[in-house]
Amino acid sequence: MITNAGKLAGRTLFITGASRGIGKAIALKAAQDGANIVIAAKTAEPHPKLPGTIFTAAKEIESLGGHALPCVVDVRDEESVRQAVDNAVKQFGGIDIVVNNASAISLTGTLATPLKKYDLMHHINTRGTYLVSKLCIPHLLKSANPHILNISPPLNMKPRWFKDHVAYTMAKYGMSMCILGMAEEFRDDGIACNALWPRTAIITAAMEMLVGGEVNKQCRKPEIMADAAYVMLCKDSRSYTGNFAVDDDVLKAEGVRNLDHYAVDPSVSLMPDFFLDEFDSFSAKKAASASKFVTGTQQQAASPEASGQVSQIFAKIEGFLSNEIVEKTKAVYSFEVTGAESGKWYIDLKNGSGSCGRGDPSVTADATFVMSSENFFKMFTGSLKPATAFMSGKMKISGDLAKAMKLEGLMSKLKSKL
């Protein structure tokens, strides 16, 4: 844990997407120093499923000793951003720090990504970051220690980070390219331009709503990003710029050795985030662990080639379905299984009390999974987590990824029955 040192007292932070999640966590951390926070976000009215608005965030900031200016801002709209910047300067006298946190995500392949979604990601992630930075820089130039911090990843050009979601990767890397260019452009002016990215998945209200279940336990809390951001924003802007930092590396450099308190569940292995090389070693370890899941006679039974395990699993699923599961899931899944038990299967958790079987579902699937029969069996018996299978390339997903991730909850319940 990083203890506040009061270094941001009286300084003004312009934070996009600060009504909830990582953006709000950074705002609350700075508020403890008595900083001024411009909450630049779209949520003025309560979301039906997600907690928090710019006004509730403002109350939390002020309760910690900070000063808040909630501004309804769409980072895609130049006039919206310009007005918020002008209001910030009018109320607080200037802007010292910009945190470009607002972002849009869609983990879909080229054919599954509508141009509307492509435009949304590029307009918010890349264009929005560029626009906010551009309009704030004239004011940053007047600050004694100005910083731009983008919540974006290191630029990793490995094809694996493009092949499954090229549109998202391009848009997110656009934020990082802003850092790459602006760090050099404004180096002599003393504006620090840095990026920060999480080592692991971060739990937020949006993620809890979308996936829930076991996936949440594999995450860290937003406070790890807030503490790392605080460290970076307190550094001398003329000597610390052009860095693509990872949250726990920043904290370890400050002497923090025990990171368990940042984990949702310290006893559970953490799920790496995208774009980091060590994800490959994580996937390899998971694969090795999965191969040791069963031994002796159980090992023989675990081979789908030997006894039609995929068919048996679907038979188990059919007896496990209920109105309660359907109500919680509201999704239809299609499975394209390759290998010894190749074929198509489906699970309908949207209609009636649920159904499953061989072939195509009677309605359009919300998500389609493609994997080998061996990996299918490992997933439904608990030795291979869906998130790990997806990130390591053992399983491909098309369609609605958020609904796809909900299937993990069903798997965690089902494995005890197998």
# chains A, B, ... in the order shown; residues from 1 in each chain; ligands from 1
>>> residues_around(residues="range 186-202 of chain A", least_positions_apart="5", cutoff="6 Å", atoms="only C-alpha atoms", output="ChimeraX atom specification")
/A:146-153,179,219-222,237-238,241-247,271-273
>>> residues_around(residues="Pro361 in chain A", least_positions_apart="3", cutoff="12 Å", atoms="only C-alpha atoms", output="mmCIF file with N, CA, C and O atoms, in the first residue's frame")
data_model
loop_
_atom_site.group_PDB
_atom_site.id
_atom_site.type_symbol
_atom_site.label_atom_id
_atom_site.label_comp_id
_atom_site.auth_asym_id
_atom_site.auth_seq_id
_atom_site.Cartn_x
_atom_site.Cartn_y
_atom_site.Cartn_z
ATOM 1 N N ALA A 331 -28.674 -16.378 -22.129
ATOM 2 C CA ALA A 331 -27.807 -16.464 -23.306
ATOM 3 C C ALA A 331 -27.928 -17.841 -23.947
ATOM 4 O O ALA A 331 -28.255 -18.832 -23.292
ATOM 5 N N VAL A 332 -27.658 -17.881 -25.249
ATOM 6 C CA VAL A 332 -27.622 -19.127 -26.001
ATOM 7 C C VAL A 332 -26.195 -19.336 -26.505
ATOM 8 O O VAL A 332 -25.598 -18.418 -27.089
ATOM 9 N N TYR A 333 -25.657 -20.529 -26.275
ATOM 10 C CA TYR A 333 -24.278 -20.827 -26.638
ATOM 11 C C TYR A 333 -24.216 -21.928 -27.693
ATOM 12 O O TYR A 333 -24.965 -22.909 -27.632
ATOM 13 N N SER A 334 -23.318 -21.747 -28.635
ATOM 14 C CA SER A 334 -23.075 -22.763 -29.648
ATOM 15 C C SER A 334 -21.630 -23.223 -29.535
ATOM 16 O O SER A 334 -20.730 -22.399 -29.279
ATOM 17 N N PHE A 335 -21.399 -24.522 -29.690
ATOM 18 C CA PHE A 335 -20.057 -25.087 -29.568
ATOM 19 C C PHE A 335 -19.695 -25.825 -30.850
ATOM 20 O O PHE A 335 -20.437 -26.701 -31.305
ATOM 21 N N GLU A 336 -18.571 -25.461 -31.426
ATOM 22 C CA GLU A 336 -18.033 -26.174 -32.579
ATOM 23 C C GLU A 336 -16.804 -26.932 -32.096
ATOM 24 O O GLU A 336 -15.748 -26.352 -31.863
ATOM 25 N N LYS A 344 -21.223 -30.191 -33.702
ATOM 26 C CA LYS A 344 -21.807 -28.973 -33.148
ATOM 27 C C LYS A 344 -22.739 -29.320 -31.998
ATOM 28 O O LYS A 344 -23.472 -30.319 -32.047
ATOM 29 N N TRP A 345 -22.712 -28.480 -30.965
ATOM 30 C CA TRP A 345 -23.555 -28.653 -29.800
ATOM 31 C C TRP A 345 -24.090 -27.283 -29.401
ATOM 32 O O TRP A 345 -23.579 -26.257 -29.849
ATOM 33 N N TYR A 346 -25.071 -27.257 -28.540
ATOM 34 C CA TYR A 346 -25.592 -25.971 -28.082
ATOM 35 C C TYR A 346 -26.109 -26.090 -26.649
ATOM 36 O O TYR A 346 -26.448 -27.181 -26.169
ATOM 37 N N ILE A 347 -26.136 -24.949 -25.977
ATOM 38 C CA ILE A 347 -26.785 -24.828 -24.668
ATOM 39 C C ILE A 347 -27.660 -23.584 -24.729
ATOM 40 O O ILE A 347 -27.163 -22.482 -24.937
ATOM 41 N N ASP A 348 -28.955 -23.753 -24.551
ATOM 42 C CA ASP A 348 -29.899 -22.631 -24.569
ATOM 43 C C ASP A 348 -30.255 -22.269 -23.132
ATOM 44 O O ASP A 348 -31.004 -22.988 -22.459
ATOM 45 N N LEU A 349 -29.709 -21.170 -22.661
ATOM 46 C CA LEU A 349 -29.991 -20.703 -21.307
ATOM 47 C C LEU A 349 -30.738 -19.365 -21.365
ATOM 48 O O LEU A 349 -30.530 -18.468 -20.559
ATOM 49 N N LYS A 350 -31.619 -19.270 -22.350
ATOM 50 C CA LYS A 350 -32.401 -18.055 -22.526
ATOM 51 C C LYS A 350 -33.894 -18.348 -22.593
ATOM 52 O O LYS A 350 -34.720 -17.518 -22.191
ATOM 53 N N ASN A 351 -34.247 -19.505 -23.079
ATOM 54 C CA ASN A 351 -35.655 -19.823 -23.341
ATOM 55 C C ASN A 351 -36.155 -20.958 -22.455
ATOM 56 O O ASN A 351 -35.460 -21.957 -22.254
ATOM 57 N N GLY A 354 -34.472 -23.939 -20.186
ATOM 58 C CA GLY A 354 -33.162 -24.285 -20.723
ATOM 59 C C GLY A 354 -33.170 -25.608 -21.455
ATOM 60 O O GLY A 354 -33.999 -26.487 -21.202
ATOM 61 N N SER A 355 -32.261 -25.755 -22.397
ATOM 62 C CA SER A 355 -32.123 -27.008 -23.147
ATOM 63 C C SER A 355 -30.725 -27.095 -23.717
ATOM 64 O O SER A 355 -29.993 -26.100 -23.773
ATOM 65 N N CYS A 356 -30.343 -28.277 -24.141
ATOM 66 C CA CYS A 356 -29.049 -28.466 -24.779
ATOM 67 C C CYS A 356 -29.103 -29.700 -25.658
ATOM 68 O O CYS A 356 -30.031 -30.500 -25.566
ATOM 69 N N GLY A 357 -28.123 -29.841 -26.535
ATOM 70 C CA GLY A 357 -28.118 -31.008 -27.393
ATOM 71 C C GLY A 357 -27.140 -30.868 -28.527
ATOM 72 O O GLY A 357 -26.382 -29.893 -28.613
ATOM 73 N N ARG A 358 -27.204 -31.822 -29.436
ATOM 74 C CA ARG A 358 -26.304 -31.811 -30.580
ATOM 75 C C ARG A 358 -26.926 -31.024 -31.725
ATOM 76 O O ARG A 358 -28.149 -31.021 -31.891
ATOM 77 N N THR A 364 -30.580 -17.834 -32.898
ATOM 78 C CA THR A 364 -29.203 -17.401 -33.097
ATOM 79 C C THR A 364 -28.437 -17.400 -31.779
ATOM 80 O O THR A 364 -28.917 -16.874 -30.767
ATOM 81 N N ALA A 365 -27.262 -17.992 -31.788
ATOM 82 C CA ALA A 365 -26.440 -18.058 -30.578
ATOM 83 C C ALA A 365 -25.882 -16.681 -30.226
ATOM 84 O O ALA A 365 -25.501 -15.915 -31.108
ATOM 85 N N ASP A 366 -25.840 -16.379 -28.937
ATOM 86 C CA ASP A 366 -25.222 -15.133 -28.487
ATOM 87 C C ASP A 366 -23.702 -15.223 -28.559
ATOM 88 O O ASP A 366 -23.026 -14.221 -28.794
ATOM 89 N N ALA A 367 -23.173 -16.422 -28.362
ATOM 90 C CA ALA A 367 -21.728 -16.626 -28.416
ATOM 91 C C ALA A 367 -21.435 -18.017 -28.945
ATOM 92 O O ALA A 367 -22.140 -18.980 -28.614
ATOM 93 N N THR A 368 -20.401 -18.121 -29.771
ATOM 94 C CA THR A 368 -19.993 -19.409 -30.334
ATOM 95 C C THR A 368 -18.570 -19.712 -29.894
ATOM 96 O O THR A 368 -17.683 -18.857 -29.990
#
>>> residues_around(residues="range 159-166 of chain A", least_positions_apart="2", cutoff="6 Å", atoms="only C-alpha atoms", output="ChimeraX atom specification")
/A:107-109,168-169
>>> write_last_selection(atoms="all heavy atoms", output="PDB file, in the first residue's frame")
ATOM      1  N   LEU A 107     -14.050  -7.253 -27.772  1.00  0.00           N
ATOM      2  CA  LEU A 107     -13.056  -8.275 -28.105  1.00  0.00           C
ATOM      3  C   LEU A 107     -13.597  -9.197 -29.197  1.00  0.00           C
ATOM      4  O   LEU A 107     -13.844 -10.382 -28.988  1.00  0.00           O
ATOM      5  CB  LEU A 107     -12.684  -9.063 -26.851  1.00  0.00           C
ATOM      6  CG  LEU A 107     -12.071  -8.230 -25.723  1.00  0.00           C
ATOM      7  CD1 LEU A 107     -11.815  -9.083 -24.499  1.00  0.00           C
ATOM      8  CD2 LEU A 107     -10.782  -7.559 -26.183  1.00  0.00           C
ATOM      9  N   THR A 108     -13.752  -8.639 -30.374  1.00  0.00           N
ATOM     10  CA  THR A 108     -14.319  -9.380 -31.499  1.00  0.00           C
ATOM     11  C   THR A 108     -13.375  -9.332 -32.692  1.00  0.00           C
ATOM     12  O   THR A 108     -12.598  -8.397 -32.869  1.00  0.00           O
ATOM     13  CB  THR A 108     -15.668  -8.769 -31.909  1.00  0.00           C
ATOM     14  OG1 THR A 108     -15.527  -7.350 -32.032  1.00  0.00           O
ATOM     15  CG2 THR A 108     -16.740  -9.066 -30.878  1.00  0.00           C
ATOM     16  N   GLY A 109     -13.461 -10.373 -33.525  1.00  0.00           N
ATOM     17  CA  GLY A 109     -12.642 -10.448 -34.719  1.00  0.00           C
ATOM     18  C   GLY A 109     -13.144  -9.502 -35.797  1.00  0.00           C
ATOM     19  O   GLY A 109     -14.186  -8.849 -35.655  1.00  0.00           O
ATOM     20  N   TYR A 168      -9.951  -3.549 -31.486  1.00  0.00           N
ATOM     21  CA  TYR A 168      -9.710  -3.077 -30.125  1.00  0.00           C
ATOM     22  C   TYR A 168      -8.232  -2.794 -29.899  1.00  0.00           C
ATOM     23  O   TYR A 168      -7.861  -1.759 -29.317  1.00  0.00           O
ATOM     24  CB  TYR A 168     -10.206  -4.098 -29.105  1.00  0.00           C
ATOM     25  CG  TYR A 168      -9.786  -3.779 -27.683  1.00  0.00           C
ATOM     26  CD1 TYR A 168     -10.290  -2.664 -27.033  1.00  0.00           C
ATOM     27  CD2 TYR A 168      -8.871  -4.588 -26.999  1.00  0.00           C
ATOM     28  CE1 TYR A 168      -9.898  -2.349 -25.738  1.00  0.00           C
ATOM     29  CE2 TYR A 168      -8.477  -4.287 -25.705  1.00  0.00           C
ATOM     30  CZ  TYR A 168      -8.991  -3.165 -25.072  1.00  0.00           C
ATOM     31  OH  TYR A 168      -8.600  -2.863 -23.795  1.00  0.00           O
ATOM     32  N   THR A 169      -7.374  -3.704 -30.351  1.00  0.00           N
ATOM     33  CA  THR A 169      -5.944  -3.515 -30.159  1.00  0.00           C
ATOM     34  C   THR A 169      -5.472  -2.228 -30.827  1.00  0.00           C
ATOM     35  O   THR A 169      -4.717  -1.445 -30.241  1.00  0.00           O
ATOM     36  CB  THR A 169      -5.151  -4.712 -30.708  1.00  0.00           C
ATOM     37  OG1 THR A 169      -5.552  -5.897 -29.999  1.00  0.00           O
ATOM     38  CG2 THR A 169      -3.657  -4.527 -30.529  1.00  0.00           C
TER      39      THR A 169
END
>>> select_by_dssp(residues="range 60-306 of chain A", states="strand (DSSP E or B)", output="count of residues only")
29
>>> atom_distance(atom1="CA of Arg127 in chain A", atom2="CA of Lys158 in chain A")
23.6 Å
>>> residues_around(residues="Asp119 in chain A", least_positions_apart="4", cutoff="12 Å", atoms="only C-alpha atoms", output="PyMOL selection string")
chain A and resi 76+104-106+113-115+123-128+167-168+170-171
>>> write_last_selection(atoms="N, CA and C atoms", output="PDB file, in the first residue's frame")
ATOM      1  N   ARG A  76     -15.752  12.132 -27.280  1.00  0.00           N
ATOM      2  CA  ARG A  76     -15.824  12.159 -28.742  1.00  0.00           C
ATOM      3  C   ARG A  76     -16.222  13.535 -29.268  1.00  0.00           C
ATOM      4  N   ALA A 104     -13.322   2.246 -24.565  1.00  0.00           N
ATOM      5  CA  ALA A 104     -14.371   1.317 -25.008  1.00  0.00           C
ATOM      6  C   ALA A 104     -13.704   0.038 -25.470  1.00  0.00           C
ATOM      7  N   ILE A 105     -14.381  -1.083 -25.274  1.00  0.00           N
ATOM      8  CA  ILE A 105     -13.792  -2.383 -25.607  1.00  0.00           C
ATOM      9  C   ILE A 105     -14.800  -3.278 -26.299  1.00  0.00           C
ATOM     10  N   SER A 106     -14.324  -4.018 -27.292  1.00  0.00           N
ATOM     11  CA  SER A 106     -15.097  -5.083 -27.931  1.00  0.00           C
ATOM     12  C   SER A 106     -14.102  -6.112 -28.436  1.00  0.00           C
ATOM     13  N   THR A 113     -16.977  -7.533 -36.006  1.00  0.00           N
ATOM     14  CA  THR A 113     -16.943  -6.173 -35.470  1.00  0.00           C
ATOM     15  C   THR A 113     -17.653  -5.212 -36.413  1.00  0.00           C
ATOM     16  N   PRO A 114     -18.849  -4.751 -36.050  1.00  0.00           N
ATOM     17  CA  PRO A 114     -19.539  -3.759 -36.891  1.00  0.00           C
ATOM     18  C   PRO A 114     -18.732  -2.466 -36.939  1.00  0.00           C
ATOM     19  N   LEU A 115     -18.838  -1.731 -38.042  1.00  0.00           N
ATOM     20  CA  LEU A 115     -18.107  -0.467 -38.151  1.00  0.00           C
ATOM     21  C   LEU A 115     -18.537   0.525 -37.081  1.00  0.00           C
ATOM     22  N   HIS A 123     -12.966   6.347 -31.653  1.00  0.00           N
ATOM     23  CA  HIS A 123     -13.333   7.713 -31.285  1.00  0.00           C
ATOM     24  C   HIS A 123     -13.130   7.970 -29.796  1.00  0.00           C
ATOM     25  N   ILE A 124     -13.416   6.974 -28.958  1.00  0.00           N
ATOM     26  CA  ILE A 124     -13.223   7.155 -27.512  1.00  0.00           C
ATOM     27  C   ILE A 124     -11.761   6.948 -27.133  1.00  0.00           C
ATOM     28  N   ASN A 125     -11.198   5.814 -27.527  1.00  0.00           N
ATOM     29  CA  ASN A 125      -9.849   5.466 -27.072  1.00  0.00           C
ATOM     30  C   ASN A 125      -8.784   6.378 -27.676  1.00  0.00           C
ATOM     31  N   THR A 126      -8.645   6.338 -28.987  1.00  0.00           N
ATOM     32  CA  THR A 126      -7.561   7.074 -29.636  1.00  0.00           C
ATOM     33  C   THR A 126      -7.887   8.556 -29.800  1.00  0.00           C
ATOM     34  N   ARG A 127      -8.988   8.860 -30.481  1.00  0.00           N
ATOM     35  CA  ARG A 127      -9.323  10.254 -30.759  1.00  0.00           C
ATOM     36  C   ARG A 127      -9.633  11.017 -29.465  1.00  0.00           C
ATOM     37  N   GLY A 128     -10.386  10.384 -28.552  1.00  0.00           N
ATOM     38  CA  GLY A 128     -10.728  11.037 -27.299  1.00  0.00           C
ATOM     39  C   GLY A 128      -9.506  11.369 -26.470  1.00  0.00           C
ATOM     40  N   ALA A 167      -9.435  -4.669 -34.036  1.00  0.00           N
ATOM     41  CA  ALA A 167     -10.008  -3.320 -33.910  1.00  0.00           C
ATOM     42  C   ALA A 167      -9.750  -2.738 -32.525  1.00  0.00           C
ATOM     43  N   TYR A 168      -9.951  -3.549 -31.486  1.00  0.00           N
ATOM     44  CA  TYR A 168      -9.710  -3.077 -30.125  1.00  0.00           C
ATOM     45  C   TYR A 168      -8.232  -2.794 -29.899  1.00  0.00           C
ATOM     46  N   MET A 170      -5.914  -1.986 -32.047  1.00  0.00           N
ATOM     47  CA  MET A 170      -5.544  -0.753 -32.746  1.00  0.00           C
ATOM     48  C   MET A 170      -5.975   0.484 -31.956  1.00  0.00           C
ATOM     49  N   ALA A 171      -7.209   0.448 -31.442  1.00  0.00           N
ATOM     50  CA  ALA A 171      -7.737   1.607 -30.713  1.00  0.00           C
ATOM     51  C   ALA A 171      -6.996   1.821 -29.396  1.00  0.00           C
TER      52      ALA A 171
END
>>> select_by_dssp(residues="range 44-187 of chain A", states="alpha helix (DSSP H)", output="ChimeraX atom specification")
/A:54-63,78-92,115-121,128-140,160-163,166-185
>>> residues_around(residues="Glu324 in chain A", least_positions_apart="3", cutoff="10 Å", atoms="only C-alpha atoms", output="PyMOL selection string")
chain A and resi 321+327-329+349+353-354
>>> write_last_selection(atoms="N, CA and C atoms", output="PDB file, in the first residue's frame")
ATOM      1  N   LEU A 321     -29.990 -28.207 -15.770  1.00  0.00           N
ATOM      2  CA  LEU A 321     -30.614 -26.940 -16.149  1.00  0.00           C
ATOM      3  C   LEU A 321     -31.829 -26.630 -15.286  1.00  0.00           C
ATOM      4  N   GLU A 327     -32.608 -17.690 -15.844  1.00  0.00           N
ATOM      5  CA  GLU A 327     -32.873 -16.306 -15.442  1.00  0.00           C
ATOM      6  C   GLU A 327     -31.569 -15.544 -15.197  1.00  0.00           C
ATOM      7  N   LYS A 328     -30.565 -16.214 -14.662  1.00  0.00           N
ATOM      8  CA  LYS A 328     -29.299 -15.565 -14.359  1.00  0.00           C
ATOM      9  C   LYS A 328     -28.424 -15.382 -15.604  1.00  0.00           C
ATOM     10  N   THR A 329     -28.576 -16.270 -16.577  1.00  0.00           N
ATOM     11  CA  THR A 329     -27.662 -16.281 -17.713  1.00  0.00           C
ATOM     12  C   THR A 329     -28.193 -15.543 -18.931  1.00  0.00           C
ATOM     13  N   LEU A 349     -29.709 -21.170 -22.661  1.00  0.00           N
ATOM     14  CA  LEU A 349     -29.991 -20.703 -21.307  1.00  0.00           C
ATOM     15  C   LEU A 349     -30.738 -19.365 -21.365  1.00  0.00           C
ATOM     16  N   SER A 353     -36.995 -23.385 -19.581  1.00  0.00           N
ATOM     17  CA  SER A 353     -36.154 -23.794 -18.452  1.00  0.00           C
ATOM     18  C   SER A 353     -34.794 -24.259 -18.919  1.00  0.00           C
ATOM     19  N   GLY A 354     -34.472 -23.939 -20.186  1.00  0.00           N
ATOM     20  CA  GLY A 354     -33.162 -24.285 -20.723  1.00  0.00           C
ATOM     21  C   GLY A 354     -33.170 -25.608 -21.455  1.00  0.00           C
TER      22      GLY A 354
END
>>> residues_around(residues="range 131-144 of chain A", least_positions_apart="5", cutoff="8 Å", atoms="only C-alpha atoms", output="short mmCIF file (atom, residue, chain, number, x, y, z; two decimals) with N, CA and C atoms, in the first residue's frame")
data_model
loop_
_atom_site.label_atom_id
_atom_site.label_comp_id
_atom_site.auth_asym_id
_atom_site.auth_seq_id
_atom_site.Cartn_x
_atom_site.Cartn_y
_atom_site.Cartn_z
N VAL A 75 -16.04 12.33 -24.60
CA VAL A 75 -14.71 12.64 -25.14
C VAL A 75 -14.68 12.61 -26.66
N GLU A 78 -15.76 17.48 -29.34
CA GLU A 78 -14.77 18.51 -29.05
C GLU A 78 -15.34 19.63 -28.18
N VAL A 81 -15.66 18.55 -24.50
CA VAL A 81 -14.37 18.53 -23.80
C VAL A 81 -13.89 19.96 -23.56
N ARG A 82 -14.00 20.81 -24.56
CA ARG A 82 -13.53 22.19 -24.44
C ARG A 82 -14.25 22.92 -23.30
N VAL A 85 -12.90 21.70 -19.95
CA VAL A 85 -11.57 22.27 -19.70
C VAL A 85 -11.69 23.73 -19.26
N GLY A 94 -6.43 26.39 -13.24
CA GLY A 94 -5.54 25.73 -14.19
C GLY A 94 -5.73 24.23 -14.16
N ILE A 95 -4.88 23.51 -14.91
CA ILE A 95 -4.89 22.04 -14.93
C ILE A 95 -3.45 21.58 -14.82
N ASP A 96 -3.20 20.68 -13.89
CA ASP A 96 -1.84 20.17 -13.65
C ASP A 96 -1.63 18.76 -14.17
N ILE A 97 -2.71 17.97 -14.16
CA ILE A 97 -2.59 16.54 -14.49
C ILE A 97 -3.78 16.12 -15.34
N VAL A 98 -3.51 15.34 -16.38
CA VAL A 98 -4.57 14.74 -17.19
C VAL A 98 -4.45 13.22 -17.09
N ASN A 100 -6.10 10.11 -18.90
CA ASN A 100 -6.96 9.60 -19.96
C ASN A 100 -7.32 8.15 -19.65
N ASP A 189 9.50 20.82 -22.78
CA ASP A 189 8.54 21.68 -22.07
C ASP A 189 8.26 21.18 -20.65
N GLY A 190 8.79 20.01 -20.33
CA GLY A 190 8.64 19.49 -18.97
C GLY A 190 7.32 18.81 -18.69
N ILE A 191 6.54 18.46 -19.74
CA ILE A 191 5.29 17.72 -19.52
C ILE A 191 5.59 16.23 -19.55
#
>>> residues_around(residues="Asn87 in chain A", least_positions_apart="5", cutoff="12 Å", atoms="only C-alpha atoms", output="ChimeraX atom specification")
/A:14,37-40,68-73,80-82,92-95,136
>>> write_last_selection(atoms="N, CA and C atoms", output="CSV table (one decimal), in the first residue's frame")
chain,number,residue,atom,x,y,z
A,14,PHE,N,-7.6,16.4,-14.2
A,14,PHE,CA,-8.7,16.2,-15.2
A,14,PHE,C,-8.7,14.8,-15.6
A,37,ILE,N,-10.4,17.7,-8.3
A,37,ILE,CA,-10.7,16.6,-9.3
A,37,ILE,C,-11.8,17.1,-10.3
A,38,VAL,N,-11.5,17.1,-11.6
A,38,VAL,CA,-12.5,17.3,-12.6
A,38,VAL,C,-12.9,15.9,-13.0
A,39,ILE,N,-14.2,15.6,-12.8
A,39,ILE,CA,-14.8,14.3,-13.1
A,39,ILE,C,-15.4,14.4,-14.5
A,40,ALA,N,-14.7,14.0,-15.5
A,40,ALA,CA,-15.1,14.2,-16.9
A,40,ALA,C,-15.7,12.8,-17.4
A,68,ALA,N,-14.2,18.7,-5.9
A,68,ALA,CA,-14.7,18.0,-7.1
A,68,ALA,C,-15.5,19.0,-8.0
A,69,LEU,N,-15.3,18.8,-9.3
A,69,LEU,CA,-16.1,19.5,-10.3
A,69,LEU,C,-16.6,18.4,-11.3
A,70,PRO,N,-17.9,18.0,-11.1
A,70,PRO,CA,-18.4,17.0,-12.0
A,70,PRO,C,-18.8,17.7,-13.3
A,71,CYS,N,-18.4,17.1,-14.4
A,71,CYS,CA,-18.7,17.6,-15.8
A,71,CYS,C,-19.2,16.5,-16.7
A,72,VAL,N,-20.3,16.7,-17.3
A,72,VAL,CA,-20.8,15.8,-18.2
A,72,VAL,C,-20.0,15.9,-19.5
A,73,VAL,N,-19.2,14.9,-19.8
A,73,VAL,CA,-18.3,15.0,-21.0
A,73,VAL,C,-18.4,13.7,-21.8
A,80,SER,N,-17.8,19.5,-26.1
A,80,SER,CA,-18.0,19.0,-24.7
A,80,SER,C,-16.8,19.0,-23.9
A,81,VAL,N,-15.7,18.5,-24.5
A,81,VAL,CA,-14.4,18.5,-23.8
A,81,VAL,C,-13.9,20.0,-23.6
A,82,ARG,N,-14.0,20.8,-24.6
A,82,ARG,CA,-13.5,22.2,-24.4
A,82,ARG,C,-14.2,22.9,-23.3
A,92,PHE,N,-10.7,26.2,-10.9
A,92,PHE,CA,-9.5,25.8,-10.1
A,92,PHE,C,-8.2,26.6,-10.5
A,93,GLY,N,-8.3,27.4,-11.5
A,93,GLY,CA,-7.2,28.3,-11.9
A,93,GLY,C,-6.2,27.6,-12.9
A,94,GLY,N,-6.4,26.4,-13.2
A,94,GLY,CA,-5.5,25.7,-14.2
A,94,GLY,C,-5.7,24.2,-14.2
A,95,ILE,N,-4.9,23.5,-14.9
A,95,ILE,CA,-4.9,22.0,-14.9
A,95,ILE,C,-3.5,21.6,-14.8
A,136,CYS,N,-5.9,20.2,-23.1
A,136,CYS,CA,-5.4,20.5,-21.8
A,136,CYS,C,-3.9,21.0,-21.8
>>> atom_distance(atom1="CA of Ala31 in chain A", atom2="CA of Met1 in chain A")
16.2 Å
>>> closest_residue(among="A:Cys234, A:Gly339, A:Lys217, A:Ser239", to="Ala183 in chain A", atoms="only C-alpha atoms")
A:Ser239
>>> closest_residue(among="A:Glu223, A:Glu79, A:Glu341, A:Glu45", to="Ala27 in chain A", atoms="only C-alpha atoms")
A:Glu223
>>> atom_distance(atom1="CA of Ala389 in chain A", atom2="CA of Leu259 in chain A")
25.7 Å
